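Peer 1: Quick one, data.tsv (TSV, C-alpha atoms):
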```tsv
chain	number	residue	atom	x	y	z
A	13	MET	CA	71.79	-18.28	-3.12
A	14	THR	CA	69.56	-21.22	-2.29
A	15	THR	CA	68.13	-19.32	0.67
A	16	ARG	CA	67.13	-16.38	-1.53
A	17	ARG	CA	65.40	-18.68	-4.01
A	18	ALA	CA	63.55	-20.44	-1.23
A	19	TRP	CA	62.52	-17.12	0.27
A	20	ARG	CA	61.29	-15.83	-3.12
A	21	ALA	CA	59.33	-19.01	-3.75
A	22	THR	CA	57.77	-18.79	-0.30
A	23	ALA	CA	56.93	-15.12	-0.74
A	24	ALA	CA	55.40	-15.79	-4.16
A	25	GLY	CA	53.33	-18.59	-2.62
A	26	TRP	CA	51.98	-16.32	0.09
A	27	VAL	CA	51.09	-13.66	-2.47
A	28	LEU	CA	49.28	-16.13	-4.76
A	29	LEU	CA	47.59	-18.20	-2.05
A	30	PRO	CA	44.77	-15.81	-1.01
A	31	PRO	CA	43.42	-15.25	-4.56
A	32	LEU	CA	43.56	-18.98	-5.26
A	33	LEU	CA	41.67	-19.76	-2.03
A	34	LEU	CA	39.10	-17.11	-2.91
A	35	LEU	CA	38.57	-18.64	-6.36
A	36	ALA	CA	38.30	-22.13	-4.90
A	37	GLY	CA	35.67	-20.95	-2.43
A	38	CYS	CA	33.64	-19.31	-5.18
A	39	ALA	CA	33.62	-22.47	-7.27
A	40	GLU	CA	31.73	-24.42	-4.59
A	41	GLU	CA	28.51	-22.35	-4.58
A	42	PRO	CA	26.38	-22.74	-7.74
A	43	ASP	CA	24.79	-19.59	-9.09
A	44	PRO	CA	21.04	-19.46	-8.52
A	45	VAL	CA	19.13	-20.26	-11.70
A	46	GLY	CA	15.48	-19.82	-10.73
A	47	ARG	CA	13.46	-18.88	-7.66
A	48	THR	CA	15.22	-18.65	-4.33
A	49	GLU	CA	13.79	-20.13	-1.16
A	50	ARG	CA	12.51	-16.69	-0.07
A	51	GLN	CA	10.94	-15.97	-3.47
A	52	THR	CA	9.15	-19.32	-3.27
A	53	VAL	CA	7.84	-18.53	0.22
A	54	ASP	CA	6.64	-15.08	-0.91
A	55	ALA	CA	4.82	-16.61	-3.91
A	56	TYR	CA	3.33	-19.26	-1.61
A	57	VAL	CA	1.88	-16.61	0.73
A	58	ARG	CA	0.53	-14.57	-2.23
A	59	ALA	CA	-1.20	-17.67	-3.63
A	60	LEU	CA	-2.70	-18.50	-0.23
A	61	ASN	CA	-3.92	-14.96	0.34
A	62	GLY	CA	-5.51	-14.93	-3.12
A	63	ARG	CA	-6.99	-18.42	-2.65
A	64	ASN	CA	-5.27	-19.28	-5.92
A	65	ALA	CA	-4.67	-23.04	-6.04
A	66	ALA	CA	-3.47	-22.85	-9.65
A	67	ALA	CA	-0.73	-20.35	-8.74
A	68	LEU	CA	0.22	-22.50	-5.78
A	69	ALA	CA	0.42	-25.61	-7.98
A	70	GLU	CA	2.84	-23.75	-10.27
A	71	LEU	CA	5.23	-23.59	-7.31
A	72	GLY	CA	5.24	-27.40	-7.12
A	73	PRO	CA	7.65	-29.74	-8.89
A	74	SER	CA	7.15	-30.42	-12.57
A	75	GLY	CA	6.32	-34.00	-13.47
A	76	TYR	CA	4.96	-34.84	-10.04
A	77	VAL	CA	1.55	-36.42	-9.48
A	78	GLU	CA	-1.25	-34.85	-7.40
A	79	VAL	CA	0.43	-31.43	-7.16
A	80	GLU	CA	-2.90	-29.73	-7.88
A	81	ALA	CA	-4.63	-31.74	-5.12
A	82	GLY	CA	-1.93	-30.71	-2.64
A	83	ALA	CA	-2.30	-27.08	-3.68
A	84	ARG	CA	-6.09	-27.24	-3.22
A	85	GLU	CA	-5.63	-28.75	0.26
A	86	ALA	CA	-3.20	-25.98	1.27
A	87	VAL	CA	-5.59	-23.28	-0.01
A	88	ALA	CA	-8.50	-24.93	1.82
A	89	ALA	CA	-6.50	-24.95	5.07
A	90	ASP	CA	-4.82	-21.51	4.97
A	91	GLY	CA	-6.23	-19.62	1.98
A	92	GLY	CA	-7.71	-16.15	2.33
A	93	LYS	CA	-6.34	-15.51	5.81
A	94	GLY	CA	-4.68	-12.22	4.87
A	95	ILE	CA	-1.25	-13.44	5.97
A	96	THR	CA	1.48	-10.85	6.47
A	97	VAL	CA	4.99	-12.24	6.86
A	98	ALA	CA	7.16	-10.94	9.68
A	99	ASP	CA	10.03	-13.41	9.30
A	100	VAL	CA	11.12	-16.44	7.29
A	101	GLU	CA	13.65	-18.87	8.76
A	102	VAL	CA	15.15	-21.25	6.19
A	103	SER	CA	17.16	-24.27	7.26
A	104	HIS	CA	19.09	-26.82	5.21
A	105	GLU	CA	19.52	-29.61	7.75
A	106	PHE	CA	19.39	-32.44	5.21
A	107	GLY	CA	21.53	-31.03	2.40
A	108	ASP	CA	21.90	-28.04	0.12
A	109	ASP	CA	19.00	-29.05	-2.13
A	110	LEU	CA	16.42	-29.59	0.64
A	111	ALA	CA	14.98	-26.75	2.70
A	112	SER	CA	12.46	-26.19	5.44
A	113	ALA	CA	11.08	-22.68	5.71
A	114	ARG	CA	9.32	-21.46	8.83
A	115	ILE	CA	6.92	-18.65	8.02
A	116	ILE	CA	6.14	-16.40	10.98
A	117	GLY	CA	3.62	-13.60	10.74
A	118	LYS	CA	0.07	-12.51	11.37
A	119	GLN	CA	-3.28	-13.24	9.80
A	120	ARG	CA	-6.49	-11.24	9.88
A	121	GLY	CA	-7.64	-10.21	13.33
A	122	ASP	CA	-3.99	-9.85	14.41
A	123	ARG	CA	-3.87	-13.58	15.13
A	124	PRO	CA	-0.43	-15.19	14.92
A	125	PHE	CA	0.45	-17.28	11.87
A	126	ASP	CA	3.27	-19.82	12.09
A	127	THR	CA	3.79	-22.68	9.65
A	128	TYR	CA	6.50	-24.68	7.91
A	129	VAL	CA	6.79	-25.45	4.22
A	130	GLN	CA	9.13	-28.02	2.75
A	131	MET	CA	11.00	-27.30	-0.47
A	132	PHE	CA	13.61	-28.81	-2.70
A	133	ARG	CA	15.69	-27.59	-5.60
A	134	GLN	CA	14.59	-28.90	-8.99
A	135	ASP	CA	16.61	-27.89	-12.05
A	136	GLY	CA	18.08	-24.92	-10.18
A	137	THR	CA	14.84	-23.48	-8.81
A	138	TRP	CA	13.17	-23.98	-5.43
A	139	VAL	CA	9.82	-25.75	-5.54
A	140	LEU	CA	7.30	-26.64	-2.84
A	141	SER	CA	7.02	-30.28	-1.82
A	142	LEU	CA	3.57	-30.88	-3.27
A	143	GLY	CA	2.33	-34.21	-4.62
A	144	HIS	CA	4.71	-37.09	-5.19
A	145	ALA	CA	6.99	-38.49	-7.85
A	146	PRO	CA	5.30	-40.76	-10.41
A	147	GLY	CA	5.17	-44.33	-9.11
A	148	ALA	CA	5.93	-43.25	-5.53
A	149	ALA	CA	2.41	-43.75	-4.19
A	150	ALA	CA	1.92	-46.70	-1.86
A	151	GLY	CA	1.13	-49.89	-3.69
A	152	GLU	CA	1.84	-48.68	-7.25
A	153	ASP	CA	4.96	-50.83	-7.44
A	154	GLY	CA	2.99	-53.95	-6.60
A	155	LYS	CA	4.58	-54.30	-3.18
A	156	SER	CA	2.62	-54.24	0.05
A	157	PRO	CA	3.59	-51.56	2.53
A	158	ALA	CA	5.07	-52.75	5.82
A	159	SER	CA	2.67	-53.17	8.68
A	160	THR	CA	2.97	-50.79	11.62
A	161	GLU	CA	0.73	-52.85	13.91
A	162	ARG	CA	2.06	-54.82	16.86
A	163	PRO	CA	1.81	-58.57	16.58
A	164	GLU	CA	-0.61	-60.11	19.05
```
Show how you would write the structure in this file as structure tokens.
Peer 2:
Amino acid sequence: MTTRRAWRATAAGWVLLPPLLLLAGCAEEPDPVGRTERQTVDAYVRALNGRNAAALAELGPSGYVEVEAGAREAVAADGGKGITVADVEVSHEFGDDLASARIIGKQRGDRPFDTYVQMFRQDGTWVLSLGHAPGAAAGEDGKSPASTERPE
């Protein structure tokens, strides 16, 4: 009798185990709330092609300082090139909330275009790493930055 009970308990465990493992695996991945990495890259390329620094700044993190300046610099460097994207390679080497996206494509004149953009997840949406957090600029905390020069 004990053998039958043990067998039934084991069989019930094997029947219930796969659905429980499936549910446990689903619980680990949070549902996307806002823009995905790819949507952020696509919006980045559209803003560059349109030379639209304001649209590019909207892809930056809220509450950060100098986001608009970073957007203007990016538009000055790569704006209006007529970029067409052939591939986007996203990597998460430093955690789930940090991403590096390699954008591979062409620009006007059939010249190759290849660049990286850094992103992070803020409040469930992917934003471009533009500007810096308030108080993060060198010297704002009253401390001197470390010297990188060799002593003589």
Peer 1: Once you count all atoms listed in the file, what closest atom pair and distance in Å to one decimal does each residue of region 92-162 of chain A within 12 Å of region 62-66 of chain A have, with rows by chain and rising residue number, as a Markdown table?
Peer 2:
```
| residue | atom | partner | partner_atom | distance |
| --- | --- | --- | --- | --- |
| A:Gly92 | CA | A:Arg63 | CA | 5.5 |
| A:Lys93 | CA | A:Arg63 | CA | 9.0 |
| A:Gly94 | CA | A:Gly62 | CA | 8.5 |
| A:Ile95 | CA | A:Gly62 | CA | 10.1 |
| A:Leu142 | CA | A:Ala65 | CA | 11.7 |
```
Peer 1: Could you tell me which of A:Val139, A:Ala86, A:Ile115, A:Ala81 comes closest to Val100 (chain A) if we count all atoms listed in the file?
Peer 2: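 Closest to Val100 (chain A) of all the choices is A:Ile115.
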Peer 1: Identify which of the residues A:Ala83, A:Leu140, A:Ala59, A:Ala67 lies closest to Asp109 (chain A), counting only C-alpha atoms when measuring atom-to-atom distances.
Peer 2: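 Closest candidate: A:Leu140.
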Peer 1: If you measure from CA of Thr96 (chain A) to CA of Pro124 (chain A), what distance in Å do you get, rounded to one decimal?
Peer 2: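 So the two atoms, CA of Thr96 (chain A) and CA of Pro124 (chain A), lie 9.7 Å apart.
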Peer 1: So how many Å separate CA of His144 (chain A) and CA of Tyr76 (chain A), to one decimal?
Peer 2: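 Computed distance, CA of His144 (chain A) to CA of Tyr76 (chain A), equals 5.4 Å.
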Peer 1: Rank A:Ala148, A:Ala89, A:Val77, A:Leu71 by their smallest atom-to-atom distance to Val53 (chain A), using only C-alpha atoms, and report the top residue only.
Peer 2: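 Of all the options, A:Leu71 lies closest to Val53 (chain A).
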Peer 1: Mind pulling up the distance from CA of Gly75 (chain A) to CA of Gly143 (chain A)?
Peer 2: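 Atom-to-atom, CA of Gly143 (chain A) and CA of Gly75 (chain A) are spaced 9.7 Å apart.
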Peer 1: Which residue, A:Glu101, A:Glu49, A:Asp108, A:Glu80, has the smallest gap to Tyr128 (chain A) when you use only C-alpha atoms?
Peer 2: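 That would be A:Glu101, the residue with the smallest distance to Tyr128 (chain A).
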Peer 1: Taking only C-alpha atoms into account, which of A:Glu85, A:Ser141, A:Gln130, A:Arg50 comes nearest Val97 (chain A)?
Peer 2: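 Closest to Val97 (chain A) of all the choices is A:Arg50.
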Peer 1: Quick one: region 76-87 of chain A with all heavy atoms, as a PDB file, in the coordinates of the input?
Peer 2:
```
ATOM      1  N   TYR A  76       5.472 -34.140 -11.211  1.00  0.00           N
ATOM      2  CA  TYR A  76       4.960 -34.840 -10.040  1.00  0.00           C
ATOM      3  C   TYR A  76       3.455 -35.049 -10.163  1.00  0.00           C
ATOM      4  O   TYR A  76       2.766 -34.321 -10.865  1.00  0.00           O
ATOM      5  CB  TYR A  76       5.280 -34.077  -8.757  1.00  0.00           C
ATOM      6  CG  TYR A  76       6.634 -34.417  -8.187  1.00  0.00           C
ATOM      7  CD1 TYR A  76       7.765 -34.492  -8.988  1.00  0.00           C
ATOM      8  CD2 TYR A  76       6.793 -34.646  -6.836  1.00  0.00           C
ATOM      9  CE1 TYR A  76       8.998 -34.795  -8.468  1.00  0.00           C
ATOM     10  CE2 TYR A  76       8.036 -34.945  -6.300  1.00  0.00           C
ATOM     11  CZ  TYR A  76       9.132 -35.023  -7.122  1.00  0.00           C
ATOM     12  OH  TYR A  76      10.357 -35.334  -6.593  1.00  0.00           O
ATOM     13  N   VAL A  77       2.954 -36.049  -9.456  1.00  0.00           N
ATOM     14  CA  VAL A  77       1.550 -36.420  -9.480  1.00  0.00           C
ATOM     15  C   VAL A  77       0.850 -35.797  -8.270  1.00  0.00           C
ATOM     16  O   VAL A  77       1.435 -35.690  -7.196  1.00  0.00           O
ATOM     17  CB  VAL A  77       1.429 -37.969  -9.432  1.00  0.00           C
ATOM     18  CG1 VAL A  77      -0.008 -38.409  -9.424  1.00  0.00           C
ATOM     19  CG2 VAL A  77       2.187 -38.599 -10.590  1.00  0.00           C
ATOM     20  N   GLU A  78      -0.388 -35.391  -8.449  1.00  0.00           N
ATOM     21  CA  GLU A  78      -1.250 -34.850  -7.400  1.00  0.00           C
ATOM     22  C   GLU A  78      -0.767 -33.521  -6.816  1.00  0.00           C
ATOM     23  O   GLU A  78      -1.084 -33.178  -5.676  1.00  0.00           O
ATOM     24  CB  GLU A  78      -1.469 -35.886  -6.290  1.00  0.00           C
ATOM     25  CG  GLU A  78      -2.183 -37.138  -6.794  1.00  0.00           C
ATOM     26  CD  GLU A  78      -2.443 -38.164  -5.708  1.00  0.00           C
ATOM     27  OE1 GLU A  78      -2.251 -37.850  -4.521  1.00  0.00           O
ATOM     28  OE2 GLU A  78      -2.846 -39.278  -6.057  1.00  0.00           O
ATOM     29  N   VAL A  79      -0.014 -32.753  -7.588  1.00  0.00           N
ATOM     30  CA  VAL A  79       0.430 -31.430  -7.160  1.00  0.00           C
ATOM     31  C   VAL A  79      -0.779 -30.516  -6.985  1.00  0.00           C
ATOM     32  O   VAL A  79      -0.883 -29.789  -5.995  1.00  0.00           O
ATOM     33  CB  VAL A  79       1.443 -30.835  -8.166  1.00  0.00           C
ATOM     34  CG1 VAL A  79       1.727 -29.375  -7.873  1.00  0.00           C
ATOM     35  CG2 VAL A  79       2.732 -31.643  -8.161  1.00  0.00           C
ATOM     36  N   GLU A  80      -1.703 -30.586  -7.939  1.00  0.00           N
ATOM     37  CA  GLU A  80      -2.900 -29.730  -7.880  1.00  0.00           C
ATOM     38  C   GLU A  80      -3.733 -30.059  -6.641  1.00  0.00           C
ATOM     39  O   GLU A  80      -4.250 -29.159  -5.977  1.00  0.00           O
ATOM     40  CB  GLU A  80      -3.758 -29.882  -9.142  1.00  0.00           C
ATOM     41  CG  GLU A  80      -3.096 -29.356 -10.400  1.00  0.00           C
ATOM     42  CD  GLU A  80      -2.115 -30.345 -11.032  1.00  0.00           C
ATOM     43  OE1 GLU A  80      -2.055 -31.531 -10.598  1.00  0.00           O
ATOM     44  OE2 GLU A  80      -1.375 -29.943 -11.937  1.00  0.00           O
ATOM     45  N   ALA A  81      -3.865 -31.335  -6.309  1.00  0.00           N
ATOM     46  CA  ALA A  81      -4.630 -31.740  -5.120  1.00  0.00           C
ATOM     47  C   ALA A  81      -3.961 -31.192  -3.856  1.00  0.00           C
ATOM     48  O   ALA A  81      -4.645 -30.691  -2.950  1.00  0.00           O
ATOM     49  CB  ALA A  81      -4.747 -33.256  -5.046  1.00  0.00           C
ATOM     50  N   GLY A  82      -2.647 -31.261  -3.783  1.00  0.00           N
ATOM     51  CA  GLY A  82      -1.930 -30.710  -2.640  1.00  0.00           C
ATOM     52  C   GLY A  82      -2.095 -29.210  -2.526  1.00  0.00           C
ATOM     53  O   GLY A  82      -2.240 -28.662  -1.424  1.00  0.00           O
ATOM     54  N   ALA A  83      -2.108 -28.534  -3.668  1.00  0.00           N
ATOM     55  CA  ALA A  83      -2.300 -27.080  -3.680  1.00  0.00           C
ATOM     56  C   ALA A  83      -3.717 -26.734  -3.197  1.00  0.00           C
ATOM     57  O   ALA A  83      -3.896 -25.804  -2.407  1.00  0.00           O
ATOM     58  CB  ALA A  83      -2.052 -26.528  -5.073  1.00  0.00           C
ATOM     59  N   ARG A  84      -4.707 -27.491  -3.663  1.00  0.00           N
ATOM     60  CA  ARG A  84      -6.090 -27.240  -3.220  1.00  0.00           C
ATOM     61  C   ARG A  84      -6.231 -27.454  -1.705  1.00  0.00           C
ATOM     62  O   ARG A  84      -6.916 -26.688  -1.023  1.00  0.00           O
ATOM     63  CB  ARG A  84      -7.067 -28.127  -3.981  1.00  0.00           C
ATOM     64  CG  ARG A  84      -7.322 -27.663  -5.409  1.00  0.00           C
ATOM     65  CD  ARG A  84      -8.493 -28.409  -6.048  1.00  0.00           C
ATOM     66  NE  ARG A  84      -8.343 -29.853  -6.054  1.00  0.00           N
ATOM     67  CZ  ARG A  84      -7.712 -30.558  -7.001  1.00  0.00           C
ATOM     68  NH1 ARG A  84      -7.204 -29.939  -8.043  1.00  0.00           N
ATOM     69  NH2 ARG A  84      -7.650 -31.876  -6.929  1.00  0.00           N
ATOM     70  N   GLU A  85      -5.586 -28.491  -1.175  1.00  0.00           N
ATOM     71  CA  GLU A  85      -5.630 -28.750   0.260  1.00  0.00           C
ATOM     72  C   GLU A  85      -5.004 -27.600   1.050  1.00  0.00           C
ATOM     73  O   GLU A  85      -5.538 -27.179   2.081  1.00  0.00           O
ATOM     74  CB  GLU A  85      -4.902 -30.054   0.596  1.00  0.00           C
ATOM     75  CG  GLU A  85      -5.636 -31.293   0.151  1.00  0.00           C
ATOM     76  CD  GLU A  85      -4.812 -32.559   0.356  1.00  0.00           C
ATOM     77  OE1 GLU A  85      -3.787 -32.521   1.098  1.00  0.00           O
ATOM     78  OE2 GLU A  85      -5.172 -33.588  -0.232  1.00  0.00           O
ATOM     79  N   ALA A  86      -3.871 -27.086   0.580  1.00  0.00           N
ATOM     80  CA  ALA A  86      -3.200 -25.980   1.270  1.00  0.00           C
ATOM     81  C   ALA A  86      -4.065 -24.723   1.247  1.00  0.00           C
ATOM     82  O   ALA A  86      -4.180 -24.019   2.254  1.00  0.00           O
ATOM     83  CB  ALA A  86      -1.845 -25.700   0.626  1.00  0.00           C
ATOM     84  N   VAL A  87      -4.705 -24.450   0.093  1.00  0.00           N
ATOM     85  CA  VAL A  87      -5.590 -23.280  -0.010  1.00  0.00           C
ATOM     86  C   VAL A  87      -6.805 -23.459   0.891  1.00  0.00           C
ATOM     87  O   VAL A  87      -7.248 -22.515   1.555  1.00  0.00           O
ATOM     88  CB  VAL A  87      -5.985 -23.011  -1.474  1.00  0.00           C
ATOM     89  CG1 VAL A  87      -7.112 -22.009  -1.568  1.00  0.00           C
ATOM     90  CG2 VAL A  87      -4.770 -22.526  -2.260  1.00  0.00           C
TER      91      VAL A  87
END
```
